[in-house]
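Okay, structure first, notes after.
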Amino acid sequence: MWYVLIMNGTTTLTMGDRGRLVIPAGTRERFGLTTGTPVVLVETDQGLVLMTREQLLKRVRSDLQGHDLVGSLLADRRREAEREAA
């Protein structure tokens, strides 16, 4: 689940040739972005979000915390098996 975030700063970028975006030096420094740092562009209902792989992984783990995905899958499979057996 994606949430609306209050941004600390907003930077306007202009699309360059071949779809390239230049992230300002100050922003790169604050977030530790160096040449070769993998970033992920996530499409949401509200727009695009650019984050590092580590930021995305942290976000996904946070969103899934407290959810028993394996337990939910097993319960779904049991219900499906019971319906098929009936």
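Labels for the structure tokens follow display order: chains A, B, ..., residues from 1 in each chain, ligands from 1.
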
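Excluding range 18-23 of chain A itself and any same-chain residue fewer than 6 positions from it, the protein and nucleic acid residues within 12 Å of it, counting only C-alpha atoms, are Thr10, Thr11, Thr12, Glu29, Arg30, Phe31, Gly32, Leu33, Thr34, Thr35, Val39, Leu41, Leu50 and Met51 of chain A.
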
Strand (DSSP E) per DSSP on the backbone: members of chain A, as an mmCIF file with N, CA and C atoms, in the first residue's frame:
```cif
data_model
loop_
_atom_site.group_PDB
_atom_site.id
_atom_site.type_symbol
_atom_site.label_atom_id
_atom_site.label_comp_id
_atom_site.auth_asym_id
_atom_site.auth_seq_id
_atom_site.Cartn_x
_atom_site.Cartn_y
_atom_site.Cartn_z
ATOM 1 N N VAL A 39 18.332 2.604 -9.164
ATOM 2 C CA VAL A 39 17.112 3.240 -8.676
ATOM 3 C C VAL A 39 15.919 2.580 -9.353
ATOM 4 N N VAL A 40 14.773 2.675 -8.690
ATOM 5 C CA VAL A 40 13.549 2.049 -9.180
ATOM 6 C C VAL A 40 12.508 3.142 -9.393
ATOM 7 N N LEU A 41 11.866 3.138 -10.524
ATOM 8 C CA LEU A 41 10.778 4.064 -10.812
ATOM 9 C C LEU A 41 9.481 3.299 -10.621
ATOM 10 N N VAL A 42 8.702 3.704 -9.622
ATOM 11 C CA VAL A 42 7.465 3.009 -9.279
ATOM 12 C C VAL A 42 6.284 3.830 -9.783
ATOM 13 N N GLU A 43 5.384 3.179 -10.514
ATOM 14 C CA GLU A 43 4.164 3.838 -10.981
ATOM 15 C C GLU A 43 3.070 3.617 -9.947
ATOM 16 N N THR A 44 2.481 4.711 -9.438
ATOM 17 C CA THR A 44 1.381 4.622 -8.485
ATOM 18 C C THR A 44 0.172 5.338 -9.067
ATOM 19 N N GLY A 47 1.047 8.985 -9.178
ATOM 20 C CA GLY A 47 2.127 9.438 -10.039
ATOM 21 C C GLY A 47 3.337 8.539 -9.938
ATOM 22 N N LEU A 48 4.493 9.079 -10.229
ATOM 23 C CA LEU A 48 5.737 8.321 -10.232
ATOM 24 C C LEU A 48 6.528 8.578 -8.961
ATOM 25 N N VAL A 49 7.187 7.526 -8.473
ATOM 26 C CA VAL A 49 8.041 7.636 -7.294
ATOM 27 C C VAL A 49 9.392 7.048 -7.668
ATOM 28 N N LEU A 50 10.449 7.804 -7.435
ATOM 29 C CA LEU A 50 11.806 7.343 -7.714
ATOM 30 C C LEU A 50 12.488 7.059 -6.385
ATOM 31 N N MET A 51 12.996 5.837 -6.217
ATOM 32 C CA MET A 51 13.690 5.475 -4.986
ATOM 33 C C MET A 51 14.768 4.453 -5.281
ATOM 34 N N THR A 52 15.695 4.333 -4.337
ATOM 35 C CA THR A 52 16.735 3.321 -4.497
ATOM 36 C C THR A 52 16.137 1.947 -4.215
#
```

Practice item. Would you mind reading off the distance between CA of Glu82 in chain A and CA of Gln65 in chain A, one decimal, in Å? Key: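 These two atoms are separated by 29.2 Å.
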
**Study point:** All helix (DSSP H, G or I) positions in chain A, as a PyMOL selection string
**Key:** chain A and resi 17-19+25-31+53-64+69-85

Point to revise | Who sits within 9 Å of Arg53 in chain A, only C-alpha atoms, same chain under 3 positions skipped, as a list of chain:residue names | key: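 The residues satisfying every condition are A:Thr37, A:Pro38, A:Val39, A:Val40, A:Leu56, A:Leu57, A:Lys58.
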
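Here CA of Asp17 in chain A stands at a distance of 19.2 Å from CA of Gly36 in chain A.
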